[in-house]
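What follows is structure_18.pdb (PDB, C-alpha atoms).
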```pdb
ATOM      1  CA  MET A  11      -7.554 -14.574  12.101  1.00  0.00           C
ATOM      2  CA  SER A  12      -4.539 -16.460  10.730  1.00  0.00           C
ATOM      3  CA  ALA A  13      -2.308 -18.839  12.686  1.00  0.00           C
ATOM      4  CA  ARG A  14       0.268 -16.019  12.958  1.00  0.00           C
ATOM      5  CA  GLU A  15      -2.152 -13.702  14.753  1.00  0.00           C
ATOM      6  CA  GLN A  16      -3.055 -13.861  18.404  1.00  0.00           C
ATOM      7  CA  PRO A  17      -5.748 -12.035  20.384  1.00  0.00           C
ATOM      8  CA  GLY A  18      -4.328  -8.951  22.040  1.00  0.00           C
ATOM      9  CA  SER A  19      -4.751  -5.223  22.495  1.00  0.00           C
ATOM     10  CA  HIS A  20      -3.211  -3.978  19.238  1.00  0.00           C
ATOM     11  CA  ASP A  21      -4.814  -0.800  17.833  1.00  0.00           C
ATOM     12  CA  PRO A  22      -3.844  -0.498  14.138  1.00  0.00           C
ATOM     13  CA  THR A  23      -5.210   3.060  13.931  1.00  0.00           C
ATOM     14  CA  PHE A  24      -2.669   4.314  16.492  1.00  0.00           C
ATOM     15  CA  LEU A  25       0.715   5.411  15.155  1.00  0.00           C
ATOM     16  CA  PRO A  26       3.388   5.586  17.890  1.00  0.00           C
ATOM     17  CA  THR A  27       5.704   8.585  17.746  1.00  0.00           C
ATOM     18  CA  ASP A  28       8.837   6.530  18.402  1.00  0.00           C
ATOM     19  CA  ILE A  29       8.687   4.031  15.529  1.00  0.00           C
ATOM     20  CA  PRO A  30      11.934   3.718  13.535  1.00  0.00           C
ATOM     21  CA  VAL A  31      12.252   5.730  10.324  1.00  0.00           C
ATOM     22  CA  PRO A  32      12.950   3.664   7.180  1.00  0.00           C
ATOM     23  CA  GLN A  33      16.042   4.659   5.194  1.00  0.00           C
ATOM     24  CA  ASP A  34      16.305   4.730   1.405  1.00  0.00           C
ATOM     25  CA  ASP A  35      18.031   1.447   0.587  1.00  0.00           C
ATOM     26  CA  GLY A  36      17.915   2.058  -3.170  1.00  0.00           C
ATOM     27  CA  ALA A  37      15.512  -0.852  -3.698  1.00  0.00           C
ATOM     28  CA  ALA A  38      13.026   1.298  -5.664  1.00  0.00           C
ATOM     29  CA  ARG A  39      15.436   3.297  -7.853  1.00  0.00           C
ATOM     30  CA  HIS A  40      14.766   1.096 -10.886  1.00  0.00           C
ATOM     31  CA  LEU A  41      10.982   1.703 -10.852  1.00  0.00           C
ATOM     32  CA  PRO A  42      10.500   5.178 -12.461  1.00  0.00           C
ATOM     33  CA  GLY A  43       9.719   4.760 -16.145  1.00  0.00           C
ATOM     34  CA  LEU A  44       8.938   1.044 -15.929  1.00  0.00           C
ATOM     35  CA  ARG A  45       5.888  -0.377 -17.641  1.00  0.00           C
ATOM     36  CA  LEU A  46       3.699  -2.449 -15.313  1.00  0.00           C
ATOM     37  CA  PRO A  47       3.470  -6.191 -15.946  1.00  0.00           C
ATOM     38  CA  ASP A  48       0.414  -7.496 -17.811  1.00  0.00           C
ATOM     39  CA  LEU A  49      -1.078  -9.203 -14.748  1.00  0.00           C
ATOM     40  CA  ALA A  50      -4.546  -9.273 -13.221  1.00  0.00           C
ATOM     41  CA  LEU A  51      -4.644  -8.877  -9.436  1.00  0.00           C
ATOM     42  CA  PRO A  52      -7.582  -9.956  -7.235  1.00  0.00           C
ATOM     43  CA  ALA A  53      -9.512  -6.942  -5.906  1.00  0.00           C
ATOM     44  CA  THR A  54     -11.775  -6.391  -2.914  1.00  0.00           C
ATOM     45  CA  SER A  55     -14.341  -4.807  -5.240  1.00  0.00           C
ATOM     46  CA  GLY A  56     -14.923  -7.975  -7.270  1.00  0.00           C
ATOM     47  CA  PRO A  57     -13.297  -8.426 -10.685  1.00  0.00           C
ATOM     48  CA  ALA A  58      -9.515  -8.645 -10.929  1.00  0.00           C
ATOM     49  CA  VAL A  59      -7.655  -5.495 -11.979  1.00  0.00           C
ATOM     50  CA  ASN A  60      -4.872  -5.296 -14.561  1.00  0.00           C
ATOM     51  CA  LEU A  61      -3.028  -2.075 -13.727  1.00  0.00           C
ATOM     52  CA  SER A  62      -1.078  -2.155 -17.011  1.00  0.00           C
ATOM     53  CA  ARG A  63      -4.297  -1.793 -19.015  1.00  0.00           C
ATOM     54  CA  LEU A  64      -5.925   1.114 -17.170  1.00  0.00           C
ATOM     55  CA  SER A  65      -6.292   4.431 -18.927  1.00  0.00           C
ATOM     56  CA  GLY A  66      -5.690   7.731 -17.204  1.00  0.00           C
ATOM     57  CA  ARG A  67      -3.704   8.301 -14.032  1.00  0.00           C
ATOM     58  CA  THR A  68      -3.600   5.731 -11.233  1.00  0.00           C
ATOM     59  CA  VAL A  69      -2.281   6.074  -7.691  1.00  0.00           C
ATOM     60  CA  LEU A  70      -1.180   2.777  -6.142  1.00  0.00           C
ATOM     61  CA  TYR A  71      -0.087   2.780  -2.537  1.00  0.00           C
ATOM     62  CA  ILE A  72       1.715  -0.323  -1.358  1.00  0.00           C
ATOM     63  CA  TYR A  73       1.898  -1.428   2.257  1.00  0.00           C
ATOM     64  CA  PRO A  74       3.072  -4.409   4.340  1.00  0.00           C
ATOM     65  CA  ARG A  75      -0.172  -5.550   5.998  1.00  0.00           C
ATOM     66  CA  THR A  76      -3.180  -4.098   7.739  1.00  0.00           C
ATOM     67  CA  GLY A  77      -3.765  -5.116  11.312  1.00  0.00           C
ATOM     68  CA  VAL A  78      -7.022  -6.106  12.967  1.00  0.00           C
ATOM     69  CA  PRO A  79      -8.163  -4.302  16.131  1.00  0.00           C
ATOM     70  CA  GLY A  80      -7.572  -6.441  19.194  1.00  0.00           C
ATOM     71  CA  VAL A  81      -5.230  -8.828  17.358  1.00  0.00           C
ATOM     72  CA  ASP A  82      -1.525  -8.525  18.118  1.00  0.00           C
ATOM     73  CA  ALA A  83       0.882  -7.571  15.334  1.00  0.00           C
ATOM     74  CA  PRO A  84       3.739  -9.983  14.514  1.00  0.00           C
ATOM     75  CA  PRO A  85       6.516 -10.075  17.154  1.00  0.00           C
ATOM     76  CA  GLY A  86       8.862  -7.103  16.871  1.00  0.00           C
ATOM     77  CA  TRP A  87       6.559  -5.316  14.371  1.00  0.00           C
ATOM     78  CA  ASP A  88       7.105  -1.856  15.853  1.00  0.00           C
ATOM     79  CA  ASP A  89      10.899  -2.321  15.676  1.00  0.00           C
ATOM     80  CA  ILE A  90      10.949  -2.866  11.888  1.00  0.00           C
ATOM     81  CA  PRO A  91      11.544   0.467  10.102  1.00  0.00           C
ATOM     82  CA  GLY A  92       8.503   1.267   7.968  1.00  0.00           C
ATOM     83  CA  ALA A  93       6.344  -1.648   9.128  1.00  0.00           C
ATOM     84  CA  ARG A  94       3.869   0.109  11.423  1.00  0.00           C
ATOM     85  CA  GLY A  95       1.226   2.419   9.965  1.00  0.00           C
ATOM     86  CA  CYS A  96      -0.665   0.544   7.233  1.00  0.00           C
ATOM     87  CA  THR A  97      -4.095   1.471   8.570  1.00  0.00           C
ATOM     88  CA  PRO A  98      -3.179   5.184   8.969  1.00  0.00           C
ATOM     89  CA  GLN A  99      -1.758   5.135   5.411  1.00  0.00           C
ATOM     90  CA  SER A 100      -4.986   3.623   4.041  1.00  0.00           C
ATOM     91  CA  CYS A 101      -7.098   6.100   6.002  1.00  0.00           C
ATOM     92  CA  GLY A 102      -5.010   8.961   4.594  1.00  0.00           C
ATOM     93  CA  PHE A 103      -5.797   7.873   1.035  1.00  0.00           C
ATOM     94  CA  ARG A 104      -9.451   7.474   2.007  1.00  0.00           C
ATOM     95  CA  ASP A 105      -9.527  10.985   3.481  1.00  0.00           C
ATOM     96  CA  HIS A 106      -7.783  12.507   0.425  1.00  0.00           C
ATOM     97  CA  TYR A 107      -9.693  10.487  -2.171  1.00  0.00           C
ATOM     98  CA  ALA A 108     -11.752  13.500  -3.333  1.00  0.00           C
ATOM     99  CA  ASP A 109      -8.559  15.597  -3.615  1.00  0.00           C
ATOM    100  CA  LEU A 110      -6.957  12.913  -5.773  1.00  0.00           C
ATOM    101  CA  GLU A 111     -10.008  12.793  -8.050  1.00  0.00           C
ATOM    102  CA  THR A 112     -10.001  16.591  -8.348  1.00  0.00           C
ATOM    103  CA  LEU A 113      -6.343  16.408  -9.391  1.00  0.00           C
ATOM    104  CA  GLY A 114      -7.158  14.055 -12.263  1.00  0.00           C
ATOM    105  CA  VAL A 115      -6.502  10.672 -10.694  1.00  0.00           C
ATOM    106  CA  ALA A 116      -8.798   8.190 -12.445  1.00  0.00           C
ATOM    107  CA  GLN A 117      -8.333   5.380  -9.935  1.00  0.00           C
ATOM    108  CA  VAL A 118      -6.750   4.674  -6.544  1.00  0.00           C
ATOM    109  CA  PHE A 119      -5.765   1.246  -5.244  1.00  0.00           C
ATOM    110  CA  GLY A 120      -4.012  -0.181  -2.225  1.00  0.00           C
ATOM    111  CA  LEU A 121      -1.800  -3.261  -2.617  1.00  0.00           C
ATOM    112  CA  SER A 122      -0.499  -5.809  -0.129  1.00  0.00           C
ATOM    113  CA  THR A 123       0.431  -9.479  -0.049  1.00  0.00           C
ATOM    114  CA  GLN A 124      -2.554 -10.350   2.142  1.00  0.00           C
ATOM    115  CA  ASP A 125      -5.331 -12.399   0.570  1.00  0.00           C
ATOM    116  CA  THR A 126      -8.507 -10.737  -0.685  1.00  0.00           C
ATOM    117  CA  ALA A 127     -10.745 -12.032   2.120  1.00  0.00           C
ATOM    118  CA  TYR A 128      -8.424 -10.485   4.732  1.00  0.00           C
ATOM    119  CA  GLN A 129      -8.215  -7.241   2.753  1.00  0.00           C
ATOM    120  CA  ARG A 130     -12.001  -7.074   2.273  1.00  0.00           C
ATOM    121  CA  GLU A 131     -12.527  -6.995   6.059  1.00  0.00           C
ATOM    122  CA  ALA A 132     -10.147  -4.040   6.366  1.00  0.00           C
ATOM    123  CA  ALA A 133     -11.613  -2.217   3.347  1.00  0.00           C
ATOM    124  CA  GLU A 134     -15.121  -2.499   4.780  1.00  0.00           C
ATOM    125  CA  ARG A 135     -14.103  -1.636   8.351  1.00  0.00           C
ATOM    126  CA  LEU A 136     -12.151   1.426   7.180  1.00  0.00           C
ATOM    127  CA  HIS A 137     -14.837   2.493   4.647  1.00  0.00           C
ATOM    128  CA  LEU A 138     -12.324   2.700   1.809  1.00  0.00           C
ATOM    129  CA  PRO A 139     -13.894   4.165  -1.377  1.00  0.00           C
ATOM    130  CA  PHE A 140     -11.429   2.266  -3.590  1.00  0.00           C
ATOM    131  CA  PRO A 141     -10.392  -1.390  -3.971  1.00  0.00           C
ATOM    132  CA  ILE A 142      -7.443  -3.113  -2.351  1.00  0.00           C
ATOM    133  CA  LEU A 143      -5.475  -5.456  -4.611  1.00  0.00           C
ATOM    134  CA  SER A 144      -3.825  -8.695  -3.526  1.00  0.00           C
ATOM    135  CA  ASP A 145      -0.437  -9.987  -4.623  1.00  0.00           C
ATOM    136  CA  ALA A 146      -0.506 -13.005  -2.296  1.00  0.00           C
ATOM    137  CA  THR A 147       1.475 -15.039  -4.867  1.00  0.00           C
ATOM    138  CA  LEU A 148       4.133 -12.270  -5.162  1.00  0.00           C
ATOM    139  CA  THR A 149       3.897 -12.477  -8.970  1.00  0.00           C
ATOM    140  CA  PHE A 150       3.519  -8.696  -9.339  1.00  0.00           C
ATOM    141  CA  ALA A 151       6.309  -8.136  -6.781  1.00  0.00           C
ATOM    142  CA  ARG A 152       8.728 -10.390  -8.664  1.00  0.00           C
ATOM    143  CA  ALA A 153       7.861  -8.901 -12.069  1.00  0.00           C
ATOM    144  CA  LEU A 154       8.664  -5.361 -10.839  1.00  0.00           C
ATOM    145  CA  ARG A 155      11.342  -6.390  -8.315  1.00  0.00           C
ATOM    146  CA  LEU A 156       9.451  -4.531  -5.573  1.00  0.00           C
ATOM    147  CA  PRO A 157      11.242  -4.212  -2.227  1.00  0.00           C
ATOM    148  CA  THR A 158      10.023  -6.693   0.393  1.00  0.00           C
ATOM    149  CA  PHE A 159      10.934  -7.907   3.865  1.00  0.00           C
ATOM    150  CA  SER A 160      10.154 -11.051   5.839  1.00  0.00           C
ATOM    151  CA  VAL A 161       8.702 -11.419   9.315  1.00  0.00           C
ATOM    152  CA  ALA A 162       6.917 -14.299  11.085  1.00  0.00           C
ATOM    153  CA  GLY A 163       7.103 -16.435   7.962  1.00  0.00           C
ATOM    154  CA  MET A 164       5.451 -13.779   5.774  1.00  0.00           C
ATOM    155  CA  THR A 165       6.967 -11.911   2.825  1.00  0.00           C
ATOM    156  CA  LEU A 166       5.592  -8.351   2.902  1.00  0.00           C
ATOM    157  CA  PHE A 167       5.998  -5.231   0.800  1.00  0.00           C
ATOM    158  CA  LYS A 168       8.055  -2.303   1.987  1.00  0.00           C
ATOM    159  CA  ARG A 169       5.816   0.765   2.014  1.00  0.00           C
ATOM    160  CA  MET A 170       5.701   2.979  -1.084  1.00  0.00           C
ATOM    161  CA  ALA A 171       3.342   4.767  -3.430  1.00  0.00           C
ATOM    162  CA  LEU A 172       3.369   4.934  -7.223  1.00  0.00           C
ATOM    163  CA  VAL A 173       1.833   7.389  -9.663  1.00  0.00           C
ATOM    164  CA  ILE A 174       1.077   5.520 -12.881  1.00  0.00           C
ATOM    165  CA  ASP A 175       0.111   7.009 -16.235  1.00  0.00           C
ATOM    166  CA  ARG A 176      -1.385   4.584 -18.755  1.00  0.00           C
ATOM    167  CA  GLY A 177       0.484   1.616 -17.321  1.00  0.00           C
ATOM    168  CA  SER A 178       3.895   3.266 -16.765  1.00  0.00           C
ATOM    169  CA  ILE A 179       5.350   4.445 -13.441  1.00  0.00           C
ATOM    170  CA  VAL A 180       5.964   8.206 -13.481  1.00  0.00           C
ATOM    171  CA  LYS A 181       6.655   8.837  -9.781  1.00  0.00           C
ATOM    172  CA  VAL A 182       7.794   6.685  -6.850  1.00  0.00           C
ATOM    173  CA  PHE A 183       7.441   7.686  -3.199  1.00  0.00           C
ATOM    174  CA  TYR A 184       9.968   5.560  -1.286  1.00  0.00           C
ATOM    175  CA  PRO A 185      10.642   5.252   1.532  1.00  0.00           C
ATOM    176  CA  VAL A 186       7.381   6.532   2.956  1.00  0.00           C
ATOM    177  CA  PHE A 187       7.460   8.171   6.387  1.00  0.00           C
ATOM    178  CA  PRO A 188       5.384   8.960   8.257  1.00  0.00           C
ATOM    179  CA  PRO A 189       2.815   6.631   6.683  1.00  0.00           C
ATOM    180  CA  ASP A 190      -0.195   8.718   7.704  1.00  0.00           C
ATOM    181  CA  ARG A 191       1.152  11.644   5.617  1.00  0.00           C
ATOM    182  CA  ASN A 192       1.756   9.640   2.404  1.00  0.00           C
ATOM    183  CA  ALA A 193      -1.519  10.694   0.754  1.00  0.00           C
ATOM    184  CA  GLU A 194      -0.779  14.362   1.500  1.00  0.00           C
ATOM    185  CA  GLU A 195       2.656  13.946  -0.072  1.00  0.00           C
ATOM    186  CA  VAL A 196       1.092  12.435  -3.226  1.00  0.00           C
ATOM    187  CA  VAL A 197      -1.515  15.224  -3.398  1.00  0.00           C
ATOM    188  CA  ALA A 198       1.222  17.870  -3.067  1.00  0.00           C
ATOM    189  CA  TRP A 199       3.258  16.254  -5.860  1.00  0.00           C
ATOM    190  CA  LEU A 200       0.206  16.049  -8.141  1.00  0.00           C
ATOM    191  CA  ARG A 201      -0.586  19.727  -7.497  1.00  0.00           C
ATOM    192  CA  SER A 202       2.953  20.754  -8.438  1.00  0.00           C
ATOM    193  CA  HIS A 203       3.184  18.485 -11.504  1.00  0.00           C
ATOM    194  CA  GLY A 204      -0.216  19.060 -13.129  1.00  0.00           C
TER     195      GLY A 204
END
```
Take the structure in the file and give it back as structure tokens.
Amino acid sequence: MSAREQPGSHDPTFLPTDIPVPQDDGAARHLPGLRLPDLALPATSGPAVNLSRLSGRTVLYIYPRTGVPGVDAPPGWDDIPGARGCTPQSCGFRDHYADLETLGVAQVFGLSTQDTAYQREAAERLHLPFPILSDATLTFARALRLPTFSVAGMTLFKRMALVIDRGSIVKVFYPVFPPDRNAEEVVAWLRSHG
């Protein structure tokens, strides 16, 4: 538990129905067609991963931060459009992992600015069949000019998902809402685009 987190009754698997809907602020319009930076990111599975060097199709979903059961979210978390729902988004990609593989996705990753030790706890607790990558230094975020927001002294990603072919972004899902349906949206796009 970090200094920013306090014991409480937060349930990160629950997605309230009244959370604010994020609007498209144009912060991801520059991403389609971009080549990923030649950077290695720490991974919960062990060795660092360089997304720019992977062959085949990759799905990368990007989220602000996973919560821990019984630990309160940052103050005002549920009032920030697009903040709530990281665990449901991750669980959606877990539950649709076989569908993604069937549709030709060679690898799936999650990405947040949390450190690998924090992410590893969530990956194990949620039984994720794919690694989570850490951009705690924001190097990847700066290189791609990814949209972020700040809360409680943390700089966090705005939620999105990318389809990447051989190191280049071919599809951007942004903004993502509701977060628990993001994986279904990616699966539907893959089905319609071969």
(message) I want to know what sits within 9 Å of A:Ser100, based on only C-alpha atoms, with residues of the same chain fewer than 3 positions away left out; could you give that as a ChimeraX atom specification?
(response) /A:71,73,76,95-97,103-105,120,133,136,138,189-190,193
Residues from last step as file, C-alpha atoms, as a CSV table (one decimal), in the frame of the given file:
```
chain,number,residue,atom,x,y,z
A,71,TYR,CA,-0.1,2.8,-2.5
A,73,TYR,CA,1.9,-1.4,2.3
A,76,THR,CA,-3.2,-4.1,7.7
A,95,GLY,CA,1.2,2.4,10.0
A,96,CYS,CA,-0.7,0.5,7.2
A,97,THR,CA,-4.1,1.5,8.6
A,103,PHE,CA,-5.8,7.9,1.0
A,104,ARG,CA,-9.5,7.5,2.0
A,105,ASP,CA,-9.5,11.0,3.5
A,120,GLY,CA,-4.0,-0.2,-2.2
A,133,ALA,CA,-11.6,-2.2,3.3
A,136,LEU,CA,-12.2,1.4,7.2
A,138,LEU,CA,-12.3,2.7,1.8
A,189,PRO,CA,2.8,6.6,6.7
A,190,ASP,CA,-0.2,8.7,7.7
A,193,ALA,CA,-1.5,10.7,0.8
```
(request) Name all residues at most 12 Å from A:Leu61 (count all atoms listed in the file; drop same-chain ones fewer than 3 positions away) and give them as a VMD selection string. (result) chain A and resid 45 to 53 58 64 to 70 116 to 121 143 150 172 to 179
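Distances from A:Leu25, A:Glu195, A:Gln124, A:Gly163 to A:Pro85 were compared using all atoms listed in the file, and the smallest one belongs to A:Gly163.
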(request) Could you please determine the separation between atom CA of A:Ser144 and atom CA of A:Asp125 in Å, to one decimal place? (result) 5.7 Å
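You can rank A:Ala198, A:Phe183, A:Leu154, A:Pro30 by their closest distance to A:Ala93 using only C-alpha atoms, and at the top of that list sits A:Pro30.
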(request) Quote the spacing between atom CA of A:Asn192 and atom CA of A:Ala162 in Å to one decimal place. (result) 26.0 Å
